[in-house]
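Asker: Dropping the structure in here first, questions after.
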Amino acid sequence: MKITRVETDLFRVPLPRPVPLPGSQDVRTATHVDVVIVRLLTDSPHVGIGFADSFGGGAAVRAVIDNQLSAVAVGECPLRTEWLWAKMRAELESVGFGGPAARACAALDLAAWDAKGKTSGVPVYQLLGGYRTQMKAITVGVATPAVGLKQAVKEAKAALDKGSAGIQVDVGTQDPDLDYDRLRQLRDEIPDGAWFEVNAGGRYDFATAVWLGTVGAEELGVDGFGDPLRADDVNLRRLTDRLNVGVSVGGFFDRVEDFTRVIDAGGIESVRIDPMRLGGLTPARKVALAAELKQVAVYPVRVAEVGTHLSAGCVYGRMCEHVDWFAGVLTGGPRFSNGQLCVSDAPGLGISVKDDVSQWRV
């Protein structure tokens with residue numbers, strides 16, 4: 001089986017609500033998400049479908065695929081995902097691996113896994129281990145500083161009614177007191193029993209993270225604290241030793257080495273893996289396996305169309321973040337049933353591009 005051609009598409013899809021951009025305490029928001037679609041055509045009937053998301057960088061991601069990675073992939077067997085990923089990574093070393101390059105690699109890697117599953121006649125999660133078929137979904141993106149309190153409460157409750165196990169509240173603005181006040185108001189409105197976690201997006205310093213993590217656990221009953229510090233902050237273990245709430249990290253890590261460092265240091269409850277930032281499922285599953293060897297839970301972020309396969313393949317993959325950003329362009333994927341998020345049981349990733357998306361093509 002050989003890849004004969006790589007086709008790409010770029011769509012700029014309106015978001016259901018503004019999304020805060022990472023990396024700044026200023027509330028900068030995005031109103032659209034770029035979705036780069038990759039189709040791997042082969043000398044068999046199977047076409048692998050992959051994608052990558054980006055806030056404003058879709059053209060750069062597509063250019064990397066069209067100008068560099070397509071030539072690398074053509075002629076290779078998509079079933080050899082490890083070899084293909086290593087070859088793509090080597091091709092990108094001269095420009096540095098990360099940012100648009102990593103997302104371009106991720107889109108092709110996902111398309112290869114999709115083709116691999118379709119050729120085998122099984123969903124990708126079975127190729128990854130097939131431990132479970134459903135998991136807790138934590139809805140993200142509905143309770144951010146860019147969304148008003150009333151709207152956040154309304155959308156959070158709608159997500160719970162749909163089957164989500166809980167919500168994630170974004171914090172990390174310039175004023176931690178305002179973060180706390182918004183958390184308190186949301187906590188009063190969210191039903192008891194629903195998972196209620198905060199995510200600082202790596203925006204806090206050590207002292208602020210200690211304070212919010214402490215009052216969050218003691219006064220608000222926060223269930224989890226995501227990415228309280230930057231990826232390169234050496235104080236993470238000091239922080240986890242001070243807090244009485246589970247800390248999860250990695251949502252903005254773009255190197256496998258960042259994960260292995262914090263896993264080896266100990267103290268964290270789970271790793272928040274973003275396959276898009278890492279360059280695909282191939283490196284993401286390595287992080288997941290490394291975490292499980294240390295009894296650390298696996299918690300994929302944002303892209304449930306991929307994350308559910310990663311979680312379902314792991315013994316400790318009990319949770320997965322869920323966003324509704326891609327509903328306008330992708331069909332299939334995970335679904336809610338009886339309060340759980342069920343991984344797609346279709347061969348491959350179980351996703352396809354909708355027919356009526358030409359209005360968003362760039």
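Starting from 1 in every chain, residues are counted up; chains themselves are A, B, ... following the order of the structure tokens, and ligands are numbered from 1 as listed.
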Write out as a ChimeraX atom specification the residues lying within 9 Å of Val36 in chain A, counting only C-alpha atoms and excluding same-chain residues fewer than 4 positions away.
Answerer: /A:8-12,50-54,58-59,61-62,104,107
Asker: Could you please take those selected residues and save N, CA and C atoms as an mmCIF file, in the first residue's frame?
Answerer:
data_model
loop_
_atom_site.group_PDB
_atom_site.id
_atom_site.type_symbol
_atom_site.label_atom_id
_atom_site.label_comp_id
_atom_site.auth_asym_id
_atom_site.auth_seq_id
_atom_site.Cartn_x
_atom_site.Cartn_y
_atom_site.Cartn_z
ATOM 1 N N THR A 8 -4.854 18.893 0.156
ATOM 2 C CA THR A 8 -5.146 19.718 1.329
ATOM 3 C C THR A 8 -6.278 20.684 1.035
ATOM 4 N N ASP A 9 -6.948 21.094 2.097
ATOM 5 C CA ASP A 9 -7.985 22.112 2.050
ATOM 6 C C ASP A 9 -7.817 22.978 3.288
ATOM 7 N N LEU A 10 -8.230 24.219 3.205
ATOM 8 C CA LEU A 10 -8.176 25.122 4.348
ATOM 9 C C LEU A 10 -9.527 25.790 4.510
ATOM 10 N N PHE A 11 -10.074 25.681 5.706
ATOM 11 C CA PHE A 11 -11.354 26.311 6.034
ATOM 12 C C PHE A 11 -11.173 27.235 7.231
ATOM 13 N N ARG A 12 -11.820 28.371 7.193
ATOM 14 C CA ARG A 12 -11.850 29.292 8.335
ATOM 15 C C ARG A 12 -13.277 29.265 8.876
ATOM 16 N N GLY A 50 -7.061 13.439 7.733
ATOM 17 C CA GLY A 50 -6.479 14.045 8.914
ATOM 18 C C GLY A 50 -6.752 15.534 8.916
ATOM 19 N N PHE A 51 -6.499 16.174 10.048
ATOM 20 C CA PHE A 51 -6.721 17.614 10.115
ATOM 21 C C PHE A 51 -5.858 18.220 11.213
ATOM 22 N N ALA A 52 -5.723 19.537 11.139
ATOM 23 C CA ALA A 52 -5.050 20.302 12.177
ATOM 24 C C ALA A 52 -5.796 21.608 12.347
ATOM 25 N N ASP A 53 -5.840 22.091 13.583
ATOM 26 C CA ASP A 53 -6.512 23.354 13.859
ATOM 27 C C ASP A 53 -5.489 24.416 14.216
ATOM 28 N N SER A 54 -5.862 25.662 14.022
ATOM 29 C CA SER A 54 -4.968 26.770 14.330
ATOM 30 C C SER A 54 -5.793 28.041 14.403
ATOM 31 N N GLY A 58 -3.523 28.842 9.769
ATOM 32 C CA GLY A 58 -3.856 27.748 8.867
ATOM 33 C C GLY A 58 -3.094 27.780 7.559
ATOM 34 N N ALA A 59 -2.890 28.966 7.006
ATOM 35 C CA ALA A 59 -2.179 29.066 5.725
ATOM 36 C C ALA A 59 -0.740 28.580 5.859
ATOM 37 N N VAL A 61 0.349 26.351 8.087
ATOM 38 C CA VAL A 61 0.301 24.897 8.250
ATOM 39 C C VAL A 61 0.133 24.221 6.898
ATOM 40 N N ARG A 62 -0.782 24.746 6.103
ATOM 41 C CA ARG A 62 -1.024 24.158 4.780
ATOM 42 C C ARG A 62 0.207 24.272 3.895
ATOM 43 N N ALA A 104 1.339 20.700 10.934
ATOM 44 C CA ALA A 104 1.350 20.092 9.605
ATOM 45 C C ALA A 104 1.665 18.607 9.709
ATOM 46 N N ALA A 107 -1.384 16.703 11.085
ATOM 47 C CA ALA A 107 -2.459 16.454 10.119
ATOM 48 C C ALA A 107 -2.146 15.243 9.254
#
Asker: Mind dumping a table of every range 18-133 of chain A residue within 7 Å of range 281-300 of chain A, with the nearest atom pair and its distance in Å to one decimal, using only C-alpha atoms, sorted by chain and rising number, as a tab-separated table?
Answerer:
residue	atom	partner	partner_atom	distance
A:Glu82	CA	A:Thr282	CA	6.7
A:Asp109	CA	A:Leu281	CA	6.8
A:Leu110	CA	A:Leu281	CA	6.5
Asker: Quick one: distance from CA of Trp360 in chain A to CA of Val147 in chain A in Å, one decimal?
Answerer: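 Computing the Euclidean distance for CA of Trp360 in chain A and CA of Val147 in chain A yields 24.1 Å.
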Asker: Can you list, as a PyMOL selection string, all residues belonging to range 189-220 of chain A that DSSP tags as strand (DSSP E)?
Answerer: chain A and resi 195-199
Asker: Enumerate the residues of range 28-229 of chain A with a DSSP assignment of alpha helix (DSSP H), computed from the backbone, and present them as number ranges by chain.
Answerer: A: 58-64, 70-73, 81-92, 100-120, 124-127, 149-162, 176-189, 206-220
Asker: Once you count only C-alpha atoms, what closest atom pair and distance in Å to one decimal does each residue of range 73-142 of chain A within 8 Å of range 150-172 of chain A have, with rows by chain and rising residue number, as CSV?
Answerer:
residue,atom,partner,partner_atom,distance
A:Lys136,CA,A:Ala165,CA,5.7
A:Ala137,CA,A:Ser164,CA,5.1
A:Ile138,CA,A:Gly166,CA,5.0
A:Thr139,CA,A:Ile167,CA,4.7
A:Val140,CA,A:Gln168,CA,5.1
A:Gly141,CA,A:Gln168,CA,7.5
A:Val142,CA,A:Ala152,CA,5.6
Asker: List the spatial neighbours of range 88-90 of chain A as an MDAnalysis selection string - criterion: any atom at most 9 Å away, only C-alpha atoms, same-chain residues fewer than 2 positions off excluded.
Answerer: chainID A and resid 68:69 72:73 83:86 92:94 97 101:102 105 279
Asker: Looking at only C-alpha atoms, which of A:Pro347, A:Gly339, A:Gly246, A:Gly117 is the one that sits closest to Ala217 in chain A?
Answerer: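 Between A:Pro347, A:Gly339, A:Gly246, A:Gly117, the residue approaching Ala217 in chain A most closely is A:Gly246.
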Asker: Ser44 in chain A: which residues within 9 Å, counting only C-alpha atoms, same-chain residues fewer than 6 positions away excluded, as a VMD selection string?
Answerer: chain A and resid 1 to 3 119
Asker: Counting only C-alpha atoms, which of A:Cys314, A:Val222, A:Ala60, A:Val301 gets nearest to Glu197 in chain A?
Answerer: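 So, comparing all the options, the nearest one is A:Val222.
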Asker: Restricting the calculation to only C-alpha atoms: of A:Leu183, A:Val19, A:Leu278, A:Val6, which residue gets closest to Val38 in chain A?
Answerer: A:Val6
Asker: Using CA of Thr133 in chain A and CA of Gly280 in chain A as the two end points, give the distance in Å to one decimal.
Answerer: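 Taking CA of Thr133 in chain A as the start and CA of Gly280 in chain A as the end point, the length is 20.8 Å.
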Asker: When you draw a straight line from CA of Val124 in chain A to CA of Glu76 in chain A, how long is it in Å?
Answerer: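 So the two atoms, CA of Val124 in chain A and CA of Glu76 in chain A, lie 19.6 Å apart.
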Asker: Just want the 6 Å neighbourhood of Met135 in chain A, counted on only C-alpha atoms, with same-chain residues fewer than 4 positions away dropped. Output as a ChimeraX atom specification.
Answerer: /A:318-319,340-341
Asker: Please provide as an NGL selection string all residues within 12 Å of Ser248 in chain A, with the sequence filter that same-chain residues fewer than 3 positions apart are discarded (counting only C-alpha atoms).
Answerer: :A and (197-202 or 223-229 or 231 or 236-237 or 239-240 or 245 or 251-253 or 259 or 262-263 or 266-273 or 291 or 296-301 or 319)
Asker: Which residues, written as a ChimeraX atom specification, have at least one atom at most 10 Å from Gly130 in chain A, with only C-alpha atoms counted and residues fewer than 2 positions away on the same chain left out?
Answerer: /A:123-128,132-133,309-315
